[in-house]
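Listing of start02.csv, CSV, C-alpha atoms
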```csv
chain,number,residue,atom,x,y,z
L,120,MET,CA,77.5,113.3,95.7
L,121,HIS,CA,77.9,110.6,98.3
L,122,GLU,CA,77.4,113.1,101.1
L,123,LEU,CA,73.6,112.8,100.8
L,124,PRO,CA,73.1,109.5,102.7
L,125,LEU,CA,75.7,110.8,105.2
L,126,THR,CA,73.8,114.0,105.7
L,127,GLU,CA,70.5,112.1,106.1
L,128,ASP,CA,72.3,110.1,108.8
L,129,ILE,CA,73.4,113.3,110.6
L,130,LEU,CA,69.8,114.6,110.5
L,131,ARG,CA,68.5,111.2,111.8
L,132,ILE,CA,71.0,111.0,114.7
L,133,ALA,CA,70.5,114.7,115.7
L,134,THR,CA,66.7,114.3,115.6
L,135,GLN,CA,66.7,111.2,117.7
L,136,HIS,CA,68.8,112.9,120.4
L,137,ALA,CA,66.8,116.1,120.4
L,138,ALA,CA,63.8,114.4,121.9
L,139,GLY,CA,61.4,116.8,120.2
L,140,LYS,CA,63.2,120.0,120.9
L,141,PRO,CA,64.4,122.5,118.2
L,142,ILE,CA,68.0,121.9,117.2
L,143,ILE,CA,70.2,125.0,117.3
L,144,ALA,CA,73.5,123.4,116.3
L,145,ILE,CA,75.1,120.1,115.3
L,146,TYR,CA,78.8,119.4,116.2
L,147,LEU,CA,80.5,117.0,113.8
L,148,VAL,CA,84.0,115.5,113.9
L,149,ILE,CA,85.4,114.4,110.5
L,150,GLY,CA,88.9,113.0,110.0
L,151,ASP,CA,90.9,114.1,106.9
L,152,LEU,CA,91.3,110.5,105.9
L,153,THR,CA,87.6,110.1,105.3
L,154,SER,CA,86.4,111.2,101.9
L,155,PHE,CA,83.7,113.6,103.1
L,156,VAL,CA,83.6,117.3,102.3
L,157,ASP,CA,82.2,119.9,104.6
L,158,ASP,CA,80.7,122.1,101.9
L,159,ALA,CA,78.9,119.1,100.3
L,160,ILE,CA,77.4,118.1,103.7
L,161,GLN,CA,76.3,121.7,104.2
L,162,PHE,CA,74.7,121.8,100.8
L,163,TYR,CA,72.6,118.7,101.4
L,164,PHE,CA,71.8,119.8,104.9
L,165,ASP,CA,70.3,123.0,103.6
L,166,LEU,CA,68.1,120.9,101.3
L,167,ILE,CA,66.9,118.4,103.8
L,168,ALA,CA,66.7,120.2,107.1
L,169,PRO,CA,63.7,122.5,106.4
L,170,ARG,CA,60.5,121.3,108.1
L,171,THR,CA,62.5,119.1,110.5
L,172,LEU,CA,63.6,119.8,114.1
L,173,ALA,CA,67.0,120.9,112.6
L,174,GLU,CA,65.6,123.6,110.4
L,175,GLY,CA,68.0,126.6,110.7
L,176,ALA,CA,70.5,124.6,112.8
L,177,THR,CA,74.2,125.5,112.4
L,178,LEU,CA,76.6,122.8,111.4
L,179,HIS,CA,80.0,122.9,113.2
L,180,PHE,CA,82.8,120.9,111.6
L,181,ARG,CA,85.8,119.9,113.5
L,182,ARG,CA,88.4,118.4,111.1
L,183,VAL,CA,91.0,116.0,112.4
L,184,ALA,CA,94.3,115.9,110.7
L,185,VAL,CA,96.0,112.5,109.9
L,186,ARG,CA,98.6,111.4,112.5
L,187,PHE,CA,100.9,108.4,112.3
L,188,ARG,CA,102.5,106.4,115.1
L,189,CYS,CA,105.9,105.2,113.9
L,190,ARG,CA,106.1,101.4,113.9
L,191,SER,CA,109.8,101.5,114.8
L,192,CYS,CA,110.0,104.0,117.6
L,193,GLU,CA,106.4,104.8,118.4
L,194,THR,CA,106.8,108.6,117.9
L,195,GLU,CA,103.5,110.2,116.9
L,196,PHE,CA,103.7,112.7,114.1
L,197,ALA,CA,101.7,114.4,111.3
L,198,PRO,CA,102.6,113.5,107.7
L,199,VAL,CA,103.3,116.7,105.7
L,200,ASN,CA,102.5,116.6,102.0
L,201,HIS,CA,104.8,113.8,100.6
L,202,ASP,CA,107.0,113.6,103.7
L,203,TRP,CA,105.9,110.6,105.6
L,204,HIS,CA,109.1,110.1,107.5
L,205,CYS,CA,109.2,109.8,111.2
L,206,PRO,CA,111.0,112.9,112.6
L,207,ALA,CA,112.6,110.9,115.3
L,208,CYS,CA,114.0,107.8,113.4
L,209,GLY,CA,113.3,108.4,109.8
L,210,ALA,CA,111.1,105.3,109.2
L,211,LEU,CA,108.4,105.7,106.5
L,212,GLY,CA,104.8,106.0,107.5
L,213,GLY,CA,103.2,104.5,110.6
L,214,GLU,CA,100.0,103.2,112.0
L,215,VAL,CA,97.2,105.8,111.4
L,216,ILE,CA,96.1,106.9,114.9
L,217,ALA,CA,94.0,110.0,113.9
L,218,GLY,CA,92.2,111.1,110.8
L,219,LYS,CA,89.5,108.4,110.5
L,220,GLU,CA,87.0,110.0,112.9
L,221,PHE,CA,83.5,110.3,111.6
L,222,LEU,CA,80.8,111.1,114.1
L,223,VAL,CA,78.2,113.4,115.5
L,224,GLU,CA,79.9,114.6,118.7
L,225,SER,CA,77.0,116.6,120.2
L,226,ILE,CA,74.0,118.7,119.5
L,227,GLU,CA,72.7,121.9,121.0
L,228,VAL,CA,68.9,122.1,121.5
L,229,ALA,CA,66.6,124.9,122.6
L,230,THR,CA,65.1,124.5,126.0
L,231,GLU,CA,61.9,125.9,127.4
L,232,GLU,CA,62.2,129.1,129.4
R,126,MET,CA,69.2,143.7,126.9
R,127,CYS,CA,69.5,140.6,124.9
R,128,ASP,CA,69.8,141.1,121.2
R,129,THR,CA,68.2,137.8,120.4
R,130,CYS,CA,64.8,138.2,121.9
R,131,GLY,CA,64.7,141.4,123.9
R,132,CYS,CA,64.7,139.7,127.3
R,133,GLU,CA,66.5,141.3,130.2
R,134,HIS,CA,69.2,138.7,130.8
R,135,GLY,CA,71.8,139.7,128.3
R,136,GLU,CA,73.2,137.4,125.5
R,137,THR,CA,75.3,135.0,127.6
R,138,ALA,CA,72.7,134.3,130.2
R,139,HIS,CA,70.1,133.9,127.4
R,140,GLU,CA,72.1,131.2,125.7
R,141,ALA,CA,72.7,129.4,128.9
R,142,ALA,CA,69.1,129.5,129.8
R,143,GLU,CA,67.6,128.6,126.5
R,144,SER,CA,69.8,126.0,125.0
R,145,ARG,CA,71.4,122.9,126.1
R,146,ARG,CA,74.3,120.8,124.7
R,147,ILE,CA,73.6,117.1,124.5
R,148,PRO,CA,76.5,114.7,124.0
R,149,VAL,CA,75.9,112.2,121.2
R,150,ILE,CA,79.2,110.5,120.1
R,151,GLN,CA,77.5,108.4,117.4
R,152,LYS,CA,79.4,107.1,114.4
R,153,LEU,CA,78.0,108.2,111.0
R,154,LEU,CA,77.0,105.7,108.3
R,155,SER,CA,75.7,103.4,110.9
R,156,ALA,CA,72.7,102.5,108.6
R,157,ASN,CA,75.2,101.3,106.0
R,158,ASP,CA,77.2,99.5,108.6
R,159,GLN,CA,74.1,97.7,109.8
R,160,ALA,CA,73.2,96.6,106.3
R,161,ALA,CA,76.8,95.5,105.8
R,162,LEU,CA,76.6,93.3,108.9
R,163,GLU,CA,73.5,91.7,107.6
R,164,ASN,CA,75.2,91.0,104.3
R,165,ARG,CA,78.1,89.5,106.1
R,166,GLN,CA,75.8,87.2,108.1
R,167,HIS,CA,73.9,86.3,105.0
R,168,LEU,CA,77.1,85.3,103.1
R,169,LYS,CA,78.4,83.4,106.0
R,170,ALA,CA,75.2,81.4,106.3
R,171,HIS,CA,75.7,80.3,102.7
R,172,GLY,CA,79.4,79.6,103.2
R,173,ILE,CA,80.5,82.2,100.8
R,174,THR,CA,83.8,84.2,100.9
R,175,ALA,CA,83.4,87.7,99.5
R,176,PHE,CA,86.0,90.0,98.0
R,177,ASN,CA,85.4,93.7,97.4
R,178,LEU,CA,87.6,94.9,94.5
R,179,MET,CA,88.3,98.6,94.4
R,180,SER,CA,90.4,100.7,92.0
R,181,SER,CA,90.4,103.6,89.6
R,182,PRO,CA,88.4,103.1,86.4
R,183,GLY,CA,90.4,101.2,83.9
R,184,ALA,CA,92.9,99.7,86.4
R,185,GLY,CA,91.9,96.2,85.2
R,186,LYS,CA,89.4,94.9,87.7
R,187,THR,CA,87.2,93.1,85.1
R,188,THR,CA,90.3,91.8,83.3
R,189,LEU,CA,91.7,90.3,86.5
R,190,LEU,CA,88.3,88.8,87.2
R,191,LEU,CA,88.2,87.1,83.8
R,192,ALA,CA,91.7,85.7,84.4
R,193,THR,CA,90.6,84.5,87.9
R,194,ILE,CA,87.4,82.9,86.5
R,195,ALA,CA,89.4,81.1,83.8
R,196,ALA,CA,91.8,79.7,86.4
R,197,LEU,CA,89.3,78.8,89.1
R,198,ARG,CA,86.0,77.9,87.5
R,199,GLU,CA,86.6,74.2,87.3
R,200,GLN,CA,87.2,73.8,91.1
R,201,THR,CA,85.4,76.8,92.7
R,202,ARG,CA,81.8,78.0,92.2
R,203,LEU,CA,82.2,81.8,91.6
R,204,GLY,CA,79.7,84.6,91.5
R,205,VAL,CA,80.2,88.3,90.6
R,206,ILE,CA,78.4,91.5,91.4
R,207,GLU,CA,79.4,94.3,89.0
R,208,GLY,CA,79.1,97.9,90.1
R,209,ASP,CA,79.1,100.7,87.5
R,210,THR,CA,77.5,104.0,87.2
R,211,ALA,CA,75.9,102.9,83.9
R,212,SER,CA,75.7,100.1,81.4
R,213,GLN,CA,75.7,96.3,81.5
R,214,VAL,CA,79.1,96.0,79.6
R,215,ASP,CA,81.0,94.3,82.4
R,216,ALA,CA,78.1,92.0,83.4
R,217,GLU,CA,77.8,90.8,79.8
R,218,ILE,CA,81.5,90.0,79.7
R,219,ILE,CA,81.3,88.0,82.9
R,220,ALA,CA,78.1,86.3,81.9
R,221,ALA,CA,79.7,85.1,78.7
R,222,THR,CA,82.0,82.9,80.9
R,223,GLY,CA,78.9,81.2,82.4
R,224,THR,CA,79.5,82.8,85.8
R,225,PRO,CA,76.4,84.0,87.7
R,226,VAL,CA,76.5,87.8,87.7
R,227,VAL,CA,74.4,90.8,88.8
R,228,GLN,CA,75.0,94.3,87.5
R,229,ILE,CA,74.3,97.2,89.8
R,230,ASN,CA,74.0,100.6,88.1
R,231,THR,CA,74.4,103.4,90.6
R,232,GLY,CA,73.0,106.0,88.2
R,233,GLY,CA,76.0,108.3,88.6
R,234,GLY,CA,76.7,107.3,92.2
R,235,CYS,CA,80.4,107.0,92.9
R,236,HIS,CA,80.5,103.8,95.0
R,237,LEU,CA,78.5,100.7,96.0
R,238,ASP,CA,76.8,100.7,99.4
R,239,ALA,CA,75.6,97.8,101.5
R,240,PRO,CA,71.9,98.1,100.7
R,241,MET,CA,72.7,97.9,97.0
R,242,VAL,CA,74.7,94.7,97.6
R,243,HIS,CA,71.9,93.3,99.7
R,244,SER,CA,69.5,93.6,96.8
R,245,ALA,CA,72.1,92.1,94.4
R,246,LEU,CA,72.6,89.1,96.8
R,247,HIS,CA,68.9,88.2,96.4
R,248,ALA,CA,69.4,88.0,92.6
R,249,LEU,CA,72.2,85.5,92.9
R,250,PRO,CA,72.0,81.7,93.4
R,251,LEU,CA,73.8,81.9,96.8
R,252,ASP,CA,73.4,78.1,97.5
R,253,ALA,CA,75.4,77.4,94.4
R,254,LEU,CA,78.3,79.7,95.2
R,255,ASP,CA,81.5,79.4,97.2
R,256,VAL,CA,83.1,82.8,96.3
R,257,LEU,CA,81.7,86.2,95.5
R,258,PHE,CA,83.6,88.9,93.8
R,259,ILE,CA,82.1,92.4,94.2
R,260,GLU,CA,83.6,94.8,91.6
R,261,ASN,CA,83.1,98.3,93.0
R,262,VAL,CA,82.5,101.4,90.9
R,263,GLY,CA,85.9,102.6,89.5
R,264,ASN,CA,87.0,105.2,92.0
R,265,LEU,CA,90.0,105.4,94.4
R,266,ILE,CA,88.2,107.6,96.9
R,267,CYS,CA,84.6,106.8,98.0
R,268,PRO,CA,84.2,103.0,97.9
R,269,VAL,CA,86.5,102.5,100.8
R,270,ALA,CA,84.2,104.4,103.2
R,271,PHE,CA,81.3,102.0,102.6
R,272,ASP,CA,81.5,98.5,104.1
R,273,LEU,CA,79.7,96.1,101.9
R,274,GLY,CA,79.8,93.1,104.2
R,275,GLN,CA,82.8,91.6,102.3
R,276,ASN,CA,85.4,89.4,104.0
R,277,TYR,CA,88.3,91.0,102.3
R,278,LYS,CA,89.0,94.3,100.6
R,279,VAL,CA,91.3,94.4,97.6
R,280,ALA,CA,92.9,97.5,96.0
R,281,LEU,CA,94.2,97.4,92.4
R,282,LEU,CA,96.5,99.9,91.0
R,283,SER,CA,97.7,99.8,87.4
R,284,VAL,CA,101.2,100.7,86.5
R,285,PRO,CA,100.2,103.7,84.3
R,286,GLU,CA,98.6,105.3,87.3
R,287,GLY,CA,102.0,105.9,88.9
R,288,HIS,CA,103.6,104.9,92.2
R,289,ASP,CA,102.7,108.1,94.0
R,290,LYS,CA,99.1,107.3,94.5
R,291,PRO,CA,99.3,106.3,98.2
R,292,TYR,CA,100.3,109.9,98.9
R,293,LYS,CA,97.1,111.2,97.2
R,294,TYR,CA,94.6,108.5,98.1
R,295,PRO,CA,95.9,107.1,101.4
R,296,ALA,CA,92.6,105.9,102.8
R,297,ILE,CA,92.2,103.0,100.3
R,298,PHE,CA,95.7,101.7,100.8
R,299,GLU,CA,95.4,102.0,104.5
R,300,ALA,CA,92.2,100.0,104.6
R,301,VAL,CA,92.7,97.0,102.3
R,302,ASP,CA,93.9,93.4,102.9
R,303,VAL,CA,96.0,93.2,99.7
R,304,VAL,CA,97.2,95.5,97.0
R,305,VAL,CA,97.5,94.2,93.4
R,306,VAL,CA,99.7,96.1,90.9
R,307,THR,CA,98.2,95.4,87.5
R,308,LYS,CA,99.4,95.8,83.9
R,309,ALA,CA,102.9,94.8,85.1
R,310,ASP,CA,103.8,94.1,81.4
R,311,LEU,CA,103.9,97.9,80.9
R,312,MET,CA,106.6,98.3,83.6
R,313,PRO,CA,109.5,98.4,81.1
R,314,TYR,CA,107.9,101.3,79.2
R,315,LEU,CA,106.9,103.5,82.2
R,316,ASP,CA,108.6,105.1,85.2
R,317,PHE,CA,106.7,103.2,87.8
R,318,ASP,CA,108.9,102.7,90.9
R,319,LEU,CA,107.7,99.4,92.4
R,320,GLU,CA,109.9,99.6,95.4
R,321,LYS,CA,108.8,103.1,96.2
R,322,PHE,CA,105.2,102.1,95.8
R,323,ARG,CA,105.7,99.1,98.1
R,324,ALA,CA,107.4,101.3,100.7
R,325,LEU,CA,104.5,103.8,100.7
R,326,VAL,CA,101.8,101.1,100.9
R,327,HIS,CA,103.7,99.4,103.8
R,328,GLY,CA,104.2,102.8,105.4
R,329,LEU,CA,100.4,103.0,105.7
R,330,ASN,CA,99.5,99.4,106.1
R,331,ASP,CA,102.1,96.8,107.2
R,332,THR,CA,99.9,93.8,106.8
R,333,ALA,CA,98.7,94.0,103.2
R,334,PRO,CA,101.0,92.2,100.7
R,335,VAL,CA,101.7,94.0,97.4
R,336,LEU,CA,101.3,91.6,94.5
R,337,THR,CA,102.4,92.4,91.0
R,338,LEU,CA,100.8,90.8,87.9
R,339,SER,CA,99.7,91.1,84.3
R,340,ALA,CA,96.4,89.5,83.6
R,341,LYS,CA,97.3,89.9,79.9
R,342,THR,CA,100.5,87.9,79.9
R,343,GLY,CA,99.7,85.8,83.0
R,344,GLU,CA,102.8,86.9,84.8
R,345,GLY,CA,102.2,87.0,88.6
R,346,VAL,CA,98.6,85.7,88.4
R,347,ALA,CA,99.6,82.6,90.3
R,348,ASP,CA,100.6,84.7,93.3
R,349,TRP,CA,97.1,86.3,93.2
R,350,LEU,CA,95.4,82.9,92.9
R,351,ALA,CA,97.5,81.6,95.8
R,352,TRP,CA,96.5,84.6,98.0
R,353,LEU,CA,92.9,84.1,97.1
R,354,GLY,CA,93.0,80.3,97.7
R,355,GLU,CA,94.3,80.8,101.2
R,356,ARG,CA,91.2,82.8,102.0
R,357,PHE,CA,88.4,80.5,100.7
R,358,VAL,CA,86.4,78.8,103.4
```

For this file, produce the structure as C-alpha cells.
Amino acid sequence: MHELPLTEDILRIATQHAAGKPIIAIYLVIGDLTSFVDDAIQFYFDLIAPRTLAEGATLHFRRVAVRFRCRSCETEFAPVNHDWHCPACGALGGEVIAGKEFLVESIEVATEE
Amino acid sequence: MCDTCGCEHGETAHEAAESRRIPVIQKLLSANDQAALENRQHLKAHGITAFNLMSSPGAGKTTLLLATIAALREQTRLGVIEGDTASQVDAEIIAATGTPVVQINTGGGCHLDAPMVHSALHALPLDALDVLFIENVGNLICPVAFDLGQNYKVALLSVPEGHDKPYKYPAIFEAVDVVVVTKADLMPYLDFDLEKFRALVHGLNDTAPVLTLSAKTGEGVADWLAWLGERFV
C-alpha cells in the first residue's frame, strides 16, 4: 500500500512538467532494489489520475536489474538468485551500481495542431 | 488516413505532430526527502543524534531499546518514537521506564515516513534530549525506502529468521550503518550460520559492522553500546 504517496508524487511531477497540456504517457525508471511494484503504482494511478491532466495517460515502466561492481577486481556483474560471486575473481557481492533508480524520466504531452 | 483522428497525415506523422516528449529526470519521493531534511535540521538544532531501527516484526527492537535505556539512562537523555500499525503496547513499555515516548500508529501503513516523524518530534521535549531512537514499523522491506531524517540507520535480524535474509531483502542490508544480530542466546539451538550471514552483509555493504547480541542474557550488548556511544554528539 505504500505506492499511494509514490503515485501522488508521479502525478505531481508529471503535471508540473506538462505546463497545462494533456499528458499522454509517463516514463518511469524503477530499480529492482526499490520496494515498489508496477501493478500497485498502476492501480493507484487509475484511481487518482481521472480529472487531472494525466487522465488516460499510459504508464511506462523501465525496470533496472541489480548490478554489482566487485570490490576486489572491479568487474561489473548481475547477481543471479543466490549466486553473488564475481564471475571473474569469485569474491562475494560488490558495490551496488544499478538497481536503486527511482525516477520520472520523461513525459509525453499532447501539443496543439 | 490516420486511425486516431481521421486526419490525412497517417499515424506516424500524427504522433510526431501532436505529441511531444519532455525530459524530466526527477527523483521520486522528493516530498518525503524534503520533510526528512527538515527533520534532520530540526534534530541538529537541538543537538540530538537519531537512530532509525528497522527489522522484521518480533526481531527484538523494543527489547533492545529496553536494554539500551537501562544501560544509558543515567548518563544520556534518551527519547523514543514508536512506530506500529496499531496499539500503544510498545509506547507503554517504554513509558514505564520514564523515557519520553511518542507512539505513531500508521493505521495499517507498512512504514514510517518523514512527515509522521515530523509530527512526533513536536510532541517530544527536544530540548531535554540527547539521543532519539525511532523504532520503525516491523517490516524488512518498505521502511528503508523512506528517509526519516535520522543520523544512522540500524537493521536488526534475529537468529530465528535465518542467515539467508540478505539474499531476499538486500535493500535494507545495503543501506544501513550497522547490522545487529539479536537473540544470539538461541544460536546453539538453531542452524543460523553467522559467518555466512556476515559474508552476505559485507558482500552488499562493506562498511556496516555486524554485531551479535542477546538483550535477554546481556551477551554482546556492550558492543552495541560502544557502537552507539561513538556516534553521540

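Relative to CA of Glu214 (chain L), CA of Phe180 (chain L) is found at 24.7 Å.
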
Could you list, as a list in words, the residues of chain L having an atom within 6 Å of chain R when counting only C-alpha atoms?
->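 Within 6 Å of chain R on chain L, we get Leu152, Leu211, Gly212, Gly213, Phe221, Leu222, Val223, Glu224, Ser225, Ile226, Glu227, Val228, Ala229 and Thr230 of chain L.
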
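Those residues positioned at most 8 Å from (113.0, 103.9, 111.4) are Cys189, Arg190, Ser191, Cys192, Cys205, Cys208, Gly209, Ala210 and Leu211 of chain L, judged using only C-alpha atoms.
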
Interatomic distance, CA of Val303 (chain R) to CA of Pro124 (chain L) (Å, one decimal) |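 Separation of CA of Val303 (chain R) and CA of Pro124 (chain L): 28.3 Å.
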
Quick one: distance from CA of Glu127 (chain L) to CA of Leu237 (chain R) in Å, one decimal?
->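 Computing the Euclidean distance for CA of Glu127 (chain L) and CA of Leu237 (chain R) yields 17.2 Å.
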
In the coordinate frame of the file, compute which residues have an atom within 9 Å of (101.4, 109.9, 113.8) when using all atoms listed in the file, and state them as a count of residues only.
-> 18

Residues near Glu174 (chain L), anyone? I mean within 8 Å using all atoms listed in the file, not counting same-chain ones fewer than 6 positions away, as a PDB file with C-alpha atoms, in the coordinates of the input.
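Saved file around_25.pdb follows:
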```
ATOM      1  CA  PRO L 141      64.400 122.500 118.200  1.00  0.00           C
ATOM      2  CA  ILE L 142      68.000 121.900 117.200  1.00  0.00           C
ATOM      3  CA  ALA L 168      66.700 120.200 107.100  1.00  0.00           C
TER       4      ALA L 168
END
```

Given the choices L:Phe162, L:Phe155, L:Trp203, L:Tyr146, which gets closest to Arg181 (chain L) if the distance is worked out from all atoms listed in the file?
-> L:Tyr146

Name all residues at most 8 Å from region 248-264 of chain R (count only C-alpha atoms; drop same-chain ones fewer than 3 positions away) and give them as number ranges by chain.
-> R: 168, 171-183, 186-187, 201-210, 225-227, 235-237, 244-245, 267-268, 357-358

Take the residues just selected and output them with C-alpha atoms as a PDB file, keeping the file's coordinate frame.
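Generated output (selection30.pdb):
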```pdb
ATOM      1  CA  LEU R 168      77.100  85.300 103.100  1.00  0.00           C
ATOM      2  CA  HIS R 171      75.700  80.300 102.700  1.00  0.00           C
ATOM      3  CA  GLY R 172      79.400  79.600 103.200  1.00  0.00           C
ATOM      4  CA  ILE R 173      80.500  82.200 100.800  1.00  0.00           C
ATOM      5  CA  THR R 174      83.800  84.200 100.900  1.00  0.00           C
ATOM      6  CA  ALA R 175      83.400  87.700  99.500  1.00  0.00           C
ATOM      7  CA  PHE R 176      86.000  90.000  98.000  1.00  0.00           C
ATOM      8  CA  ASN R 177      85.400  93.700  97.400  1.00  0.00           C
ATOM      9  CA  LEU R 178      87.600  94.900  94.500  1.00  0.00           C
ATOM     10  CA  MET R 179      88.300  98.600  94.400  1.00  0.00           C
ATOM     11  CA  SER R 180      90.400 100.700  92.000  1.00  0.00           C
ATOM     12  CA  SER R 181      90.400 103.600  89.600  1.00  0.00           C
ATOM     13  CA  PRO R 182      88.400 103.100  86.400  1.00  0.00           C
ATOM     14  CA  GLY R 183      90.400 101.200  83.900  1.00  0.00           C
ATOM     15  CA  LYS R 186      89.400  94.900  87.700  1.00  0.00           C
ATOM     16  CA  THR R 187      87.200  93.100  85.100  1.00  0.00           C
ATOM     17  CA  THR R 201      85.400  76.800  92.700  1.00  0.00           C
ATOM     18  CA  ARG R 202      81.800  78.000  92.200  1.00  0.00           C
ATOM     19  CA  LEU R 203      82.200  81.800  91.600  1.00  0.00           C
ATOM     20  CA  GLY R 204      79.700  84.600  91.500  1.00  0.00           C
ATOM     21  CA  VAL R 205      80.200  88.300  90.600  1.00  0.00           C
ATOM     22  CA  ILE R 206      78.400  91.500  91.400  1.00  0.00           C
ATOM     23  CA  GLU R 207      79.400  94.300  89.000  1.00  0.00           C
ATOM     24  CA  GLY R 208      79.100  97.900  90.100  1.00  0.00           C
ATOM     25  CA  ASP R 209      79.100 100.700  87.500  1.00  0.00           C
ATOM     26  CA  THR R 210      77.500 104.000  87.200  1.00  0.00           C
ATOM     27  CA  PRO R 225      76.400  84.000  87.700  1.00  0.00           C
ATOM     28  CA  VAL R 226      76.500  87.800  87.700  1.00  0.00           C
ATOM     29  CA  VAL R 227      74.400  90.800  88.800  1.00  0.00           C
ATOM     30  CA  CYS R 235      80.400 107.000  92.900  1.00  0.00           C
ATOM     31  CA  HIS R 236      80.500 103.800  95.000  1.00  0.00           C
ATOM     32  CA  LEU R 237      78.500 100.700  96.000  1.00  0.00           C
ATOM     33  CA  SER R 244      69.500  93.600  96.800  1.00  0.00           C
ATOM     34  CA  ALA R 245      72.100  92.100  94.400  1.00  0.00           C
ATOM     35  CA  CYS R 267      84.600 106.800  98.000  1.00  0.00           C
ATOM     36  CA  PRO R 268      84.200 103.000  97.900  1.00  0.00           C
ATOM     37  CA  PHE R 357      88.400  80.500 100.700  1.00  0.00           C
ATOM     38  CA  VAL R 358      86.400  78.800 103.400  1.00  0.00           C
TER      39      VAL R 358
END
```

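Distances here use only C-alpha atoms; by that measure, the residue among L:Ile149, L:Ile160, L:Ile167, L:Ala138 closest to His121 (chain L) is L:Ile160.
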
Residues within 10 Å of Phe164 (chain L), please, as a PDB file with C-alpha atoms, keeping the file's coordinate frame. Count all atoms listed in the file; anything in the same chain fewer than 6 positions from it doesn't count.
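Wrote it out as result.pdb, contents follow:
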```pdb
ATOM      1  CA  GLU L 122      77.400 113.100 101.100  1.00  0.00           C
ATOM      2  CA  LEU L 123      73.600 112.800 100.800  1.00  0.00           C
ATOM      3  CA  LEU L 125      75.700 110.800 105.200  1.00  0.00           C
ATOM      4  CA  THR L 126      73.800 114.000 105.700  1.00  0.00           C
ATOM      5  CA  GLU L 127      70.500 112.100 106.100  1.00  0.00           C
ATOM      6  CA  ILE L 129      73.400 113.300 110.600  1.00  0.00           C
ATOM      7  CA  LEU L 130      69.800 114.600 110.500  1.00  0.00           C
ATOM      8  CA  ASP L 158      80.700 122.100 101.900  1.00  0.00           C
ATOM      9  CA  ALA L 173      67.000 120.900 112.600  1.00  0.00           C
ATOM     10  CA  GLU L 174      65.600 123.600 110.400  1.00  0.00           C
ATOM     11  CA  GLY L 175      68.000 126.600 110.700  1.00  0.00           C
ATOM     12  CA  ALA L 176      70.500 124.600 112.800  1.00  0.00           C
ATOM     13  CA  THR L 177      74.200 125.500 112.400  1.00  0.00           C
ATOM     14  CA  LEU L 178      76.600 122.800 111.400  1.00  0.00           C
TER      15      LEU L 178
END
```

Which is closest to Phe271 (chain R) among L:Asn200, L:Thr153, L:Val183, L:Leu147, if we use all atoms listed in the file?
->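 Residue with the minimum atom-to-atom distance to Phe271 (chain R): L:Thr153.
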